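As provided, model.cif (mmCIF, C-alpha atoms) reads as follows.
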data_input
#
loop_
_atom_site.label_atom_id
_atom_site.label_comp_id
_atom_site.auth_asym_id
_atom_site.auth_seq_id
_atom_site.Cartn_x
_atom_site.Cartn_y
_atom_site.Cartn_z
CA MET A 1027 85.09 -41.07 28.02
CA ILE A 1028 86.60 -38.10 26.20
CA LEU A 1029 87.77 -35.17 28.30
CA VAL A 1030 87.07 -31.93 26.42
CA VAL A 1031 89.15 -29.07 27.76
CA ASP A 1032 87.96 -25.47 27.39
CA LEU A 1033 90.96 -23.09 27.07
CA CYS A 1034 88.94 -19.87 26.83
CA TYR A 1035 89.54 -16.82 29.00
CA ARG A 1036 87.23 -18.01 31.75
CA ASP A 1037 84.89 -20.86 32.57
CA ARG A 1038 81.50 -20.56 30.77
CA SER A 1039 82.78 -17.59 28.75
CA LEU A 1040 81.17 -15.98 25.72
CA SER A 1041 83.76 -17.79 23.57
CA ARG A 1042 82.61 -21.21 24.74
CA ASP A 1043 79.82 -21.46 22.16
CA GLU A 1044 82.31 -20.69 19.40
CA PHE A 1045 85.22 -22.93 20.30
CA VAL A 1046 83.96 -25.67 22.62
CA ALA A 1047 80.30 -26.26 21.75
CA PRO A 1048 80.98 -27.18 18.08
CA VAL A 1049 83.40 -29.90 19.27
CA GLU A 1050 80.88 -31.13 21.85
CA ARG A 1051 78.12 -31.26 19.23
CA LEU A 1052 80.31 -33.28 16.90
CA LEU A 1053 81.25 -35.75 19.65
CA GLY A 1054 77.58 -36.05 20.56
CA ARG A 1055 76.61 -36.69 16.95
CA ILE A 1056 79.22 -39.43 16.64
CA GLY A 1057 77.96 -40.96 19.87
CA ALA A 1058 81.13 -40.47 21.93
CA SER A 1059 80.64 -39.90 25.64
CA PHE A 1060 82.46 -36.83 26.90
CA THR A 1061 82.79 -34.45 29.79
CA THR A 1062 83.96 -30.86 29.50
CA ARG A 1063 86.14 -28.95 31.95
CA HIS A 1064 87.73 -25.54 31.87
CA TYR A 1065 91.52 -25.85 31.89
CA THR A 1066 91.67 -24.24 35.32
CA THR A 1067 89.45 -26.92 36.86
CA VAL A 1068 90.83 -30.13 35.32
CA ASP A 1069 91.73 -32.46 38.19
CA ALA A 1070 93.57 -35.74 38.55
CA PRO A 1071 90.54 -38.12 38.79
CA GLU A 1072 89.10 -36.71 35.53
CA VAL A 1073 92.42 -37.11 33.77
CA ALA A 1074 92.75 -40.65 35.10
CA ALA A 1075 89.24 -41.52 33.87
CA ALA A 1076 89.71 -40.07 30.39
CA ASP A 1077 90.30 -42.36 27.38
CA ALA A 1078 91.31 -39.33 25.32
CA VAL A 1079 91.51 -35.55 25.47
CA VAL A 1080 90.48 -32.79 23.10
CA LEU A 1081 92.01 -29.37 23.86
CA CYS A 1082 89.80 -26.73 22.21
CA GLY A 1083 90.78 -23.48 20.52
CA THR A 1084 90.29 -19.91 21.69
CA ALA A 1085 89.59 -16.45 20.27
CA LEU A 1086 92.46 -14.73 18.50
CA ARG A 1087 93.20 -12.39 21.42
CA ASP A 1088 92.64 -15.07 24.02
CA THR A 1089 96.07 -16.32 25.12
CA GLY A 1090 95.54 -16.35 28.88
CA PHE A 1091 95.93 -20.14 28.97
CA ALA A 1092 99.55 -19.76 27.78
CA GLY A 1093 100.35 -17.91 31.00
CA HIS A 1094 99.51 -21.00 33.07
CA PRO A 1095 101.79 -23.77 31.77
CA GLY A 1096 101.44 -25.65 35.06
CA ARG A 1097 97.77 -26.30 34.21
CA PHE A 1098 98.87 -28.49 31.30
CA GLU A 1099 101.74 -30.44 32.85
CA TRP A 1100 99.49 -33.50 33.22
CA LEU A 1101 99.71 -33.90 29.43
CA LEU A 1102 103.33 -35.06 29.80
CA ALA A 1103 102.24 -38.25 31.53
CA PHE A 1104 98.87 -38.79 29.85
CA GLU A 1105 100.07 -41.15 27.05
CA ARG A 1106 96.54 -41.76 25.67
CA PRO A 1107 95.20 -39.95 22.56
CA VAL A 1108 95.19 -36.16 22.66
CA LEU A 1109 94.00 -33.75 19.97
CA GLY A 1110 95.03 -30.14 20.54
CA ILE A 1111 93.15 -27.72 18.30
CA SER A 1112 94.84 -24.38 17.50
CA SER A 1113 95.39 -22.90 20.99
CA GLY A 1114 95.10 -26.49 22.18
CA MET A 1115 98.00 -27.42 19.90
CA ARG A 1116 99.94 -24.53 21.41
CA ALA A 1117 99.26 -25.79 24.96
CA LEU A 1118 100.25 -29.34 23.97
CA ALA A 1119 103.43 -28.24 22.21
CA ALA A 1120 104.34 -25.91 25.10
CA ALA A 1121 103.94 -28.74 27.61
CA PHE A 1122 106.63 -30.62 25.66
CA GLY A 1123 108.89 -27.59 25.41
CA GLY A 1124 107.80 -26.30 21.98
CA GLY A 1125 108.02 -22.54 21.47
CA THR A 1126 106.01 -20.21 19.25
CA GLU A 1127 106.75 -17.78 16.45
CA PRO A 1128 104.51 -15.09 14.96
CA CYS A 1129 102.35 -16.36 12.10
CA CYS A 1130 98.87 -14.95 11.67
CA GLU A 1131 96.38 -16.80 9.48
CA ILE A 1132 92.67 -15.96 9.42
CA GLY A 1133 90.30 -17.77 7.07
CA MET A 1134 90.77 -20.67 4.70
CA ALA A 1135 94.25 -21.99 3.87
CA ASP A 1136 95.49 -24.95 1.85
CA ILE A 1137 97.04 -27.67 3.99
CA ARG A 1138 99.68 -30.06 2.62
CA VAL A 1139 100.17 -33.40 4.33
CA LEU A 1140 103.90 -33.96 4.96
CA ALA A 1141 104.12 -37.40 6.51
CA PRO A 1142 102.01 -40.56 6.46
CA ASP A 1143 99.69 -40.90 9.43
CA PRO A 1144 96.28 -42.50 10.05
CA LEU A 1145 94.83 -39.05 10.84
CA PHE A 1146 95.39 -37.74 7.31
CA ALA A 1147 95.56 -41.03 5.37
CA GLY A 1148 94.48 -40.66 1.76
CA LYS A 1149 94.73 -36.87 1.82
CA GLU A 1150 97.47 -34.89 0.13
CA THR A 1151 95.99 -31.41 0.39
CA PHE A 1152 92.80 -29.98 1.81
CA PRO A 1153 91.46 -26.50 2.67
CA ALA A 1154 91.07 -25.68 6.35
CA TYR A 1155 89.87 -22.84 8.58
CA GLU A 1156 92.59 -20.90 10.38
CA LEU A 1157 92.39 -18.49 13.29
CA HIS A 1158 95.72 -17.98 15.00
CA GLU A 1159 98.40 -15.39 15.72
CA CYS A 1160 101.28 -17.81 16.33
CA ALA A 1161 102.74 -20.94 14.84
CA MET A 1162 104.48 -23.63 16.88
CA ARG A 1163 108.04 -24.84 16.64
CA VAL A 1164 108.03 -28.64 16.64
CA PRO A 1165 108.95 -29.93 20.10
CA GLY A 1166 111.84 -32.43 20.07
CA GLU A 1167 109.65 -35.49 20.64
CA PHE A 1168 107.18 -34.58 17.86
CA ILE A 1169 107.19 -34.82 14.07
CA PRO A 1170 105.58 -32.41 11.58
CA LEU A 1171 102.53 -33.91 9.84
CA ALA A 1172 101.13 -31.06 7.77
CA ALA A 1173 101.85 -27.46 6.77
CA SER A 1174 100.33 -24.47 4.99
CA ASP A 1175 102.38 -22.10 2.82
CA ARG A 1176 102.97 -20.04 5.93
CA CYS A 1177 103.61 -22.46 8.78
CA LEU A 1178 103.37 -25.85 10.44
CA GLN A 1179 99.77 -27.06 10.66
CA ALA A 1180 99.84 -30.44 12.39
CA ILE A 1181 102.19 -32.41 14.64
CA ARG A 1182 102.26 -35.84 16.26
CA HIS A 1183 104.34 -37.26 19.07
CA ARG A 1184 106.98 -39.73 17.81
CA SER A 1185 105.66 -42.66 19.82
CA LEU A 1186 102.40 -41.60 21.48
CA PRO A 1187 99.00 -40.70 19.93
CA LEU A 1188 99.35 -37.03 20.80
CA TYR A 1189 98.25 -34.72 17.98
CA GLY A 1190 98.05 -31.01 17.42
CA THR A 1191 96.38 -29.16 14.55
CA LEU A 1192 96.83 -25.43 14.11
CA PHE A 1193 93.76 -25.27 11.86
CA HIS A 1194 90.26 -25.77 13.27
CA PRO A 1195 89.01 -29.21 12.16
CA GLU A 1196 85.57 -28.59 13.69
CA VAL A 1197 85.00 -26.06 10.87
CA ARG A 1198 84.62 -27.81 7.50
CA ASN A 1199 86.98 -30.70 8.38
CA GLU A 1200 84.99 -32.69 10.89
CA TRP A 1201 86.47 -35.86 9.38
CA VAL A 1202 89.72 -35.11 11.25
CA ILE A 1203 87.94 -35.36 14.60
CA GLU A 1204 86.05 -38.47 13.42
CA ARG A 1205 89.36 -40.12 12.51
CA PHE A 1206 90.85 -39.09 15.83
CA LEU A 1207 87.97 -40.88 17.58
CA GLN A 1208 88.64 -43.96 15.47
CA LEU A 1209 92.21 -43.85 16.75
CA VAL A 1210 90.88 -43.64 20.30
CA GLU A 1211 88.90 -46.84 19.70
CA THR A 1212 91.97 -48.53 18.20
CA VAL A 1213 94.12 -47.59 21.19
CA GLN A 1214 91.46 -48.91 23.59
CA MET B 515 84.27 -6.71 28.89
CA LYS B 516 82.51 -3.90 27.00
CA LEU B 517 81.26 -5.12 23.65
CA GLY B 518 79.65 -3.71 20.54
CA VAL B 519 77.27 -5.92 18.59
CA LEU B 520 77.52 -5.79 14.81
CA PHE B 521 73.87 -5.43 14.10
CA SER B 522 71.72 -5.85 11.01
CA GLY B 523 68.27 -5.87 12.56
CA GLY B 524 67.88 -9.56 11.71
CA LYS B 525 67.52 -12.54 14.01
CA ASP B 526 71.14 -13.71 14.06
CA SER B 527 72.72 -10.46 15.23
CA LEU B 528 70.03 -9.86 17.86
CA PHE B 529 70.22 -13.43 19.15
CA ALA B 530 74.01 -13.07 19.33
CA CYS B 531 73.45 -9.81 21.23
CA TRP B 532 71.21 -11.63 23.72
CA LYS B 533 73.86 -14.33 24.19
CA ALA B 534 76.52 -11.67 24.74
CA MET B 535 74.36 -9.87 27.32
CA GLN B 536 74.32 -13.02 29.43
CA LYS B 537 78.12 -13.12 29.68
CA GLU B 538 79.51 -9.61 29.13
CA GLU B 539 78.43 -5.96 28.97
CA VAL B 540 76.91 -4.92 25.65
CA ALA B 541 77.71 -1.21 25.36
CA CYS B 542 76.26 -0.44 21.92
CA LEU B 543 74.86 -1.76 18.68
CA ILE B 544 76.82 -1.07 15.50
CA THR B 545 75.17 -0.84 12.10
CA VAL B 546 76.73 -0.41 8.71
CA VAL B 547 74.04 0.82 6.33
CA SER B 548 74.73 -0.16 2.74
CA ARG B 549 73.37 1.80 -0.19
CA ASN B 550 74.04 -1.25 -2.35
CA PRO B 551 71.22 -3.82 -2.29
CA GLU B 552 73.77 -6.45 -3.40
CA SER B 553 76.02 -5.76 -0.39
CA TYR B 554 78.26 -8.74 0.38
CA MET B 555 78.61 -7.98 4.05
CA PHE B 556 75.71 -5.88 5.20
CA HIS B 557 72.17 -6.69 4.25
CA THR B 558 69.72 -3.96 3.54
CA PRO B 559 65.95 -4.50 3.96
CA ASN B 560 64.63 -2.30 6.75
CA ILE B 561 68.10 -1.51 8.07
CA ARG B 562 66.90 2.08 8.60
CA LEU B 563 64.70 0.73 11.38
CA ALA B 564 67.77 -0.31 13.36
CA ALA B 565 67.38 2.87 15.43
CA LEU B 566 63.91 1.76 16.53
CA GLN B 567 65.25 -1.66 17.53
CA ALA B 568 68.12 -0.05 19.42
CA GLU B 569 65.63 2.14 21.27
CA ALA B 570 63.54 -0.93 22.13
CA ALA B 571 66.69 -2.60 23.45
CA GLY B 572 67.72 0.51 25.38
CA LEU B 573 71.12 0.50 23.67
CA PRO B 574 72.92 3.30 21.83
CA LEU B 575 73.39 2.79 18.09
CA VAL B 576 76.53 3.56 16.12
CA GLU B 577 75.50 3.94 12.49
CA VAL B 578 77.91 4.26 9.56
CA GLU B 579 76.98 4.45 5.89
CA THR B 580 78.70 2.54 3.10
CA GLU B 581 78.40 2.59 -0.65
CA GLY B 582 78.42 -1.18 -0.39
CA GLU B 583 81.34 -1.74 -2.77
CA LYS B 584 82.91 -5.11 -2.09
CA GLU B 585 86.36 -3.91 -1.07
CA THR B 586 85.57 -0.59 0.62
CA GLU B 587 82.98 -2.25 2.85
CA LEU B 588 85.81 -3.32 5.12
CA GLN B 589 87.03 0.24 5.55
CA ASP B 590 83.48 1.24 6.42
CA LEU B 591 83.31 -1.56 8.96
CA GLU B 592 86.61 -0.38 10.43
CA ARG B 593 85.24 3.16 10.62
CA ALA B 594 82.15 1.91 12.46
CA LEU B 595 84.17 -0.13 14.96
CA LEU B 596 86.52 2.78 15.57
CA ALA B 597 83.56 5.06 16.24
CA ALA B 598 82.12 2.52 18.68
CA ARG B 599 85.45 2.25 20.45
CA GLU B 600 85.81 6.01 20.71
CA GLN B 601 82.27 6.65 21.88
CA PHE B 602 81.66 3.64 24.11
CA GLY B 603 85.07 2.17 24.87
CA ILE B 604 84.30 -1.24 23.41
CA GLU B 605 87.00 -3.90 23.76
CA GLY B 606 85.37 -6.44 21.51
CA VAL B 607 82.81 -7.08 18.79
CA VAL B 608 80.01 -9.64 18.59
CA THR B 609 78.66 -10.96 15.29
CA GLY B 610 75.81 -13.28 14.35
CA ALA B 611 77.91 -15.30 11.88
CA ILE B 612 76.85 -18.95 11.74
CA LEU B 613 78.55 -20.65 8.82
CA SER B 614 79.89 -17.89 6.63
CA VAL B 615 83.66 -18.14 6.71
CA TYR B 616 83.73 -15.17 4.31
CA GLN B 617 81.84 -12.92 6.71
CA ALA B 618 83.53 -14.19 9.89
CA THR B 619 87.02 -13.94 8.42
CA ARG B 620 86.60 -10.35 7.35
CA VAL B 621 85.29 -9.22 10.73
CA GLN B 622 88.07 -11.18 12.49
CA ARG B 623 90.68 -9.39 10.37
CA VAL B 624 89.31 -5.91 11.06
CA CYS B 625 89.06 -6.69 14.79
CA ARG B 626 92.67 -7.84 14.79
CA GLU B 627 93.77 -4.63 13.06
CA LEU B 628 92.03 -2.62 15.76
CA GLY B 629 93.08 -4.79 18.69
CA LEU B 630 89.51 -5.82 19.45
CA TRP B 631 88.22 -9.18 20.62
CA CYS B 632 85.83 -10.93 18.24
CA PHE B 633 82.97 -13.15 19.40
CA ASN B 634 80.73 -15.31 17.23
CA PRO B 635 78.38 -17.05 19.68
CA LEU B 636 76.33 -18.68 16.90
CA TRP B 637 79.37 -20.05 15.08
CA ASN B 638 78.69 -23.55 13.74
CA VAL B 639 75.51 -23.71 15.81
CA ASP B 640 73.07 -26.56 15.29
CA GLN B 641 70.52 -24.75 13.17
CA GLU B 642 67.51 -26.77 14.36
CA THR B 643 68.33 -26.12 18.00
CA TYR B 644 69.02 -22.47 17.34
CA MET B 645 65.74 -21.80 15.55
CA GLU B 646 63.76 -23.58 18.30
CA GLU B 647 65.64 -21.65 20.98
CA LEU B 648 65.03 -18.38 19.16
CA ILE B 649 61.26 -18.90 19.17
CA ASP B 650 61.10 -20.34 22.68
CA ALA B 651 63.19 -17.48 24.13
CA GLY B 652 60.54 -14.99 23.01
CA PHE B 653 62.05 -13.49 19.88
CA ALA B 654 59.38 -12.32 17.42
CA VAL B 655 60.95 -12.42 13.97
CA ILE B 656 59.39 -11.72 10.59
CA ILE B 657 60.65 -12.65 7.14
CA ALA B 658 61.66 -9.33 5.60
CA GLY B 659 63.19 -10.53 2.37
CA VAL B 660 63.28 -13.60 0.14
CA PHE B 661 66.03 -14.07 -2.42
CA SER B 662 65.77 -17.65 -3.62
CA ALA B 663 63.43 -20.26 -5.01
CA PRO B 664 60.98 -21.57 -3.85
CA PHE B 665 60.02 -18.62 -1.66
CA ASP B 666 56.95 -16.90 -3.06
CA GLU B 667 55.37 -13.62 -2.03
CA SER B 668 53.34 -15.26 0.74
CA TRP B 669 56.52 -15.68 2.81
CA LEU B 670 57.07 -11.93 3.04
CA GLY B 671 56.04 -10.54 6.43
CA ARG B 672 55.38 -13.99 7.93
CA GLU B 673 56.37 -14.39 11.56
CA ILE B 674 58.75 -17.27 12.26
CA ASP B 675 56.68 -19.27 14.73
CA HIS B 676 56.73 -23.04 15.12
CA ARG B 677 54.39 -23.47 12.14
CA THR B 678 56.54 -21.33 9.86
CA LEU B 679 59.60 -23.18 11.13
CA ASP B 680 57.99 -26.48 10.08
CA ASP B 681 57.41 -25.04 6.60
CA LEU B 682 61.01 -23.75 6.50
CA ARG B 683 62.25 -27.22 7.42
CA THR B 684 60.39 -28.69 4.47
CA VAL B 685 61.83 -26.07 2.13
CA ALA B 686 65.34 -26.42 3.54
CA ARG B 687 65.30 -30.20 3.09
CA LYS B 688 63.84 -30.14 -0.38
CA HIS B 689 65.90 -27.28 -1.78
CA ARG B 690 69.11 -27.85 0.16
CA ILE B 691 69.23 -24.44 1.74
CA THR B 692 70.14 -23.55 5.30
CA LEU B 693 67.30 -23.49 7.82
CA THR B 694 68.50 -20.14 9.10
CA GLY B 695 68.73 -18.58 5.63
CA GLU B 696 72.33 -17.61 6.27
CA GLY B 697 73.18 -18.40 2.69
CA GLY B 698 71.24 -15.25 1.79
CA GLU B 699 68.03 -17.10 0.85
CA LEU B 700 66.03 -14.98 3.25
CA GLU B 701 66.40 -11.99 5.51
CA THR B 702 64.63 -11.37 8.77
CA PHE B 703 63.61 -8.47 10.98
CA VAL B 704 63.19 -8.71 14.74
CA VAL B 705 60.11 -7.00 16.16
CA ASP B 706 60.53 -8.27 19.71
CA ALA B 707 63.29 -9.78 21.81
CA PRO B 708 63.58 -10.85 25.46
CA PHE B 709 65.65 -7.76 26.19
CA PHE B 710 63.35 -5.27 24.41
CA SER B 711 61.48 -3.08 26.88
CA ARG B 712 58.84 -2.44 24.20
CA ARG B 713 58.04 -4.28 20.99
CA ILE B 714 57.85 -2.91 17.46
CA ALA B 715 54.37 -2.63 15.95
CA ILE B 716 54.37 -2.38 12.16
CA THR B 717 51.60 0.00 11.14
CA GLU B 718 52.29 0.20 7.41
CA ALA B 719 54.22 -2.08 5.12
CA SER B 720 54.50 -2.91 1.45
CA LYS B 721 55.73 -5.87 -0.53
CA ALA B 722 57.86 -5.79 -3.64
CA TYR B 723 58.24 -9.21 -5.23
CA ARG B 724 59.33 -10.63 -8.55
CA ASN B 725 60.74 -13.98 -9.57
CA TYR B 726 61.73 -15.34 -6.13
CA ASN B 727 63.16 -12.00 -5.07
CA GLY B 728 61.18 -9.84 -2.72
CA VAL B 729 61.29 -7.52 0.23
CA PHE B 730 58.79 -6.70 2.95
CA ARG B 731 59.37 -2.99 3.33
CA ILE B 732 58.28 -1.56 6.66
CA GLU B 733 56.99 1.93 5.87
CA ARG B 734 55.86 2.87 9.36
CA ALA B 735 56.48 1.31 12.72
CA GLU B 736 56.35 2.35 16.35
CA LEU B 737 57.24 1.06 19.77
CA VAL B 738 54.34 -0.22 21.87
CA ALA B 739 54.04 -1.72 25.34
CA LYS B 740 54.60 -5.48 25.54
#

Give the structure from the file, written as structure tokens.
Amino acid sequence: MILVVDLCYRDRSLSRDEFVAPVERLLGRIGASFTTRHYTTVDAPEVAAADAVVLCGTALRDTGFAGHPGRFEWLLAFERPVLGISSGMRALAAAFGGGTEPCCEIGMADIRVLAPDPLFAGKETFPAYELHECAMRVPGEFIPLAASDRCLQAIRHRSLPLYGTLFHPEVRNEWVIERFLQLVETVQ
Amino acid sequence: MKLGVLFSGGKDSLFACWKAMQKEEVACLITVVSRNPESYMFHTPNIRLAALQAEAAGLPLVEVETEGEKETELQDLERALLAAREQFGIEGVVTGAILSVYQATRVQRVCRELGLWCFNPLWNVDQETYMEELIDAGFAVIIAGVFSAPFDESWLGREIDHRTLDDLRTVARKHRITLTGEGGELETFVVDAPFFSRRIAITEASKAYRNYNGVFRIERAELVAK
């Protein structure tokens, strides 16, 4: 079971259809079973039952989640596959001590793959949809996987299947989420 | 949160408005009227009837005109959003964007400039589900413009009911166009919505059609009891 985490400004918000529902639809289409929780209501039994986690993005002005780092501390001990998308990458990186720096990208950007990884295997560059105000500094335990001309675009933990993408793979790059699910199966 | 809905009179913006009403406070509708029929951002058929739709919805309308030039359209959009913020104190904007990164990106950028939230409740929606939901929720939508093969004149003015949707499915499959027409293949006009207190009755209309390009021009319309 995949735990989908909604990081939007409140549970069942107007942003949910934009940032969470497209991920849910994709998981449903692939046939993955999932449950969705708002980040403020994620509890220990759900985390324990999850085979993997997808942390969804938020609206550009929606950074409320970043004010509640304690809500994401469970990621430190999770150790199973995680995909943090945009704001989700920020929450993942922050849990491991990664800071942010201003970098606004809105719209399509060219992504360059920097390091070999199953998530981006066979790809050197690809266009991706961006919607963010900040970029992440790579936390100590992570390596950079991809970048745009402006900033870091993807990271992975050195030894665990924890991923973050600053771009939104659910828009025009669904293959990234499909590959992440393949990794989930491999880990299982 | 007080929101303004970027509003074209078509199904997507009014459905997005309905979605927004269920979660936040919609304070006004915002229309950018383009004088350019080739407008990249703001479509044109029957946009002048936006005031009638706003009245049916019981919402104030902020209307700004644009020459419809590709680059100045954004300044006109900014002007419209500023007016909506000044008059109604909006904190965010709602759009009916579904797949158009071009459209969504431009609105996102203007919203950022102005410090406004941006909501796209139909973003990446499953188009089948959306069209079914639109009809089942009680939206009455007519086809107000066709701009692509194989749409002939008979499509103009047709209401999108389940039968029309079946026909659209066939066309969409065969001609590889989007079911919602978001690629600009067709334009729509909403004559009734679940939040309209009265519906729009079209009393006089004309069709102009040539070579897979046509508009259903509403000459006269009025609000009637539902």

Could you write out as a PDB file with C-alpha atoms, keeping the file's coordinate frame the residues of chain A within 12 Å of chain B, counting only C-alpha atoms?
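And here's iface.pdb as it stands now:
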ATOM      1  CA  CYS A1034      88.940 -19.870  26.830  1.00  0.00           C
ATOM      2  CA  TYR A1035      89.540 -16.820  29.000  1.00  0.00           C
ATOM      3  CA  ARG A1036      87.230 -18.010  31.750  1.00  0.00           C
ATOM      4  CA  ASP A1037      84.890 -20.860  32.570  1.00  0.00           C
ATOM      5  CA  ARG A1038      81.500 -20.560  30.770  1.00  0.00           C
ATOM      6  CA  SER A1039      82.780 -17.590  28.750  1.00  0.00           C
ATOM      7  CA  LEU A1040      81.170 -15.980  25.720  1.00  0.00           C
ATOM      8  CA  SER A1041      83.760 -17.790  23.570  1.00  0.00           C
ATOM      9  CA  ARG A1042      82.610 -21.210  24.740  1.00  0.00           C
ATOM     10  CA  ASP A1043      79.820 -21.460  22.160  1.00  0.00           C
ATOM     11  CA  GLU A1044      82.310 -20.690  19.400  1.00  0.00           C
ATOM     12  CA  PHE A1045      85.220 -22.930  20.300  1.00  0.00           C
ATOM     13  CA  VAL A1046      83.960 -25.670  22.620  1.00  0.00           C
ATOM     14  CA  ALA A1047      80.300 -26.260  21.750  1.00  0.00           C
ATOM     15  CA  PRO A1048      80.980 -27.180  18.080  1.00  0.00           C
ATOM     16  CA  VAL A1049      83.400 -29.900  19.270  1.00  0.00           C
ATOM     17  CA  GLU A1050      80.880 -31.130  21.850  1.00  0.00           C
ATOM     18  CA  ARG A1051      78.120 -31.260  19.230  1.00  0.00           C
ATOM     19  CA  LEU A1052      80.310 -33.280  16.900  1.00  0.00           C
ATOM     20  CA  GLY A1054      77.580 -36.050  20.560  1.00  0.00           C
ATOM     21  CA  ARG A1055      76.610 -36.690  16.950  1.00  0.00           C
ATOM     22  CA  THR A1084      90.290 -19.910  21.690  1.00  0.00           C
ATOM     23  CA  ALA A1085      89.590 -16.450  20.270  1.00  0.00           C
ATOM     24  CA  LEU A1086      92.460 -14.730  18.500  1.00  0.00           C
ATOM     25  CA  ARG A1087      93.200 -12.390  21.420  1.00  0.00           C
ATOM     26  CA  ASP A1088      92.640 -15.070  24.020  1.00  0.00           C
ATOM     27  CA  THR A1089      96.070 -16.320  25.120  1.00  0.00           C
ATOM     28  CA  CYS A1130      98.870 -14.950  11.670  1.00  0.00           C
ATOM     29  CA  GLU A1131      96.380 -16.800   9.480  1.00  0.00           C
ATOM     30  CA  ILE A1132      92.670 -15.960   9.420  1.00  0.00           C
ATOM     31  CA  GLY A1133      90.300 -17.770   7.070  1.00  0.00           C
ATOM     32  CA  MET A1134      90.770 -20.670   4.700  1.00  0.00           C
ATOM     33  CA  ALA A1135      94.250 -21.990   3.870  1.00  0.00           C
ATOM     34  CA  ALA A1154      91.070 -25.680   6.350  1.00  0.00           C
ATOM     35  CA  TYR A1155      89.870 -22.840   8.580  1.00  0.00           C
ATOM     36  CA  GLU A1156      92.590 -20.900  10.380  1.00  0.00           C
ATOM     37  CA  LEU A1157      92.390 -18.490  13.290  1.00  0.00           C
ATOM     38  CA  HIS A1158      95.720 -17.980  15.000  1.00  0.00           C
ATOM     39  CA  GLU A1159      98.400 -15.390  15.720  1.00  0.00           C
ATOM     40  CA  HIS A1194      90.260 -25.770  13.270  1.00  0.00           C
ATOM     41  CA  PRO A1195      89.010 -29.210  12.160  1.00  0.00           C
ATOM     42  CA  GLU A1196      85.570 -28.590  13.690  1.00  0.00           C
ATOM     43  CA  VAL A1197      85.000 -26.060  10.870  1.00  0.00           C
ATOM     44  CA  ARG A1198      84.620 -27.810   7.500  1.00  0.00           C
ATOM     45  CA  GLU A1200      84.990 -32.690  10.890  1.00  0.00           C
TER      46      GLU A1200
END

Closest of A:Leu1209, A:Leu1081, A:Val1139, A:Ala1121 to Ala1103 in chain A - atom-to-atom distances counting only C-alpha atoms: A:Ala1121

So what does the PyMOL selection byres ((chain A and resi 1206) around 9) actually pick up in this one, as a ChimeraX atom specification? /A:1107-1109,1144-1145,1189,1201-1205,1207-1211

I'd like to see the residues matched by the PyMOL selection byres ((chain B and resi 725) around 9) on this file, and ideally I'd get them as a PyMOL selection string. chain B and resi 661-663+666+723-724+726-728

Atom pair CA of Leu591 in chain B / CA of Phe730 in chain B: separation (Å): 25.8 Å

Translate the PyMOL selection byres ((chain B and resi 674-683) around 9) into a concrete residue list for this structure, as a list in words.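 Applying the PyMOL selection byres ((chain B and resi 674-683) around 9) to the structure shown produces Glu642, Met645, Glu646, Ile649, Ala654, Val655, Ile656, Ile657, Arg672, Glu673, Thr684, Val685, Ala686, Arg687, Lys688, Thr692, Leu693 and Thr694 of chain B.
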
Output C-alpha atoms of each residue in that selection to a file, as a compact mmCIF listing (two decimals), keeping the file's coordinate frame.
# COMPACT_ATOMS: atom_id res chain seq x y z
CA GLU B 642 67.51 -26.77 14.36
CA MET B 645 65.74 -21.80 15.55
CA GLU B 646 63.76 -23.58 18.30
CA ILE B 649 61.26 -18.90 19.17
CA ALA B 654 59.38 -12.32 17.42
CA VAL B 655 60.95 -12.42 13.97
CA ILE B 656 59.39 -11.72 10.59
CA ILE B 657 60.65 -12.65 7.14
CA ARG B 672 55.38 -13.99 7.93
CA GLU B 673 56.37 -14.39 11.56
CA THR B 684 60.39 -28.69 4.47
CA VAL B 685 61.83 -26.07 2.13
CA ALA B 686 65.34 -26.42 3.54
CA ARG B 687 65.30 -30.20 3.09
CA LYS B 688 63.84 -30.14 -0.38
CA THR B 692 70.14 -23.55 5.30
CA LEU B 693 67.30 -23.49 7.82
CA THR B 694 68.50 -20.14 9.10

Counting only C-alpha atoms, what is within 6 Å of Ile1137 in chain A, bar same-chain residues fewer than 5 positions away, as a list in words? Thr1151, Phe1152, Pro1153, Ala1173 and Ser1174 of chain A

Fewer than 2 positions away in the same chain doesn't count, so skip those; otherwise give me all residues within 8 Å of range 523-528 of chain B, counting all atoms listed in the file, as number ranges by chain. B: 519-521, 530-532, 560-561, 563-564, 567, 609-611, 636, 655, 701-704, 707
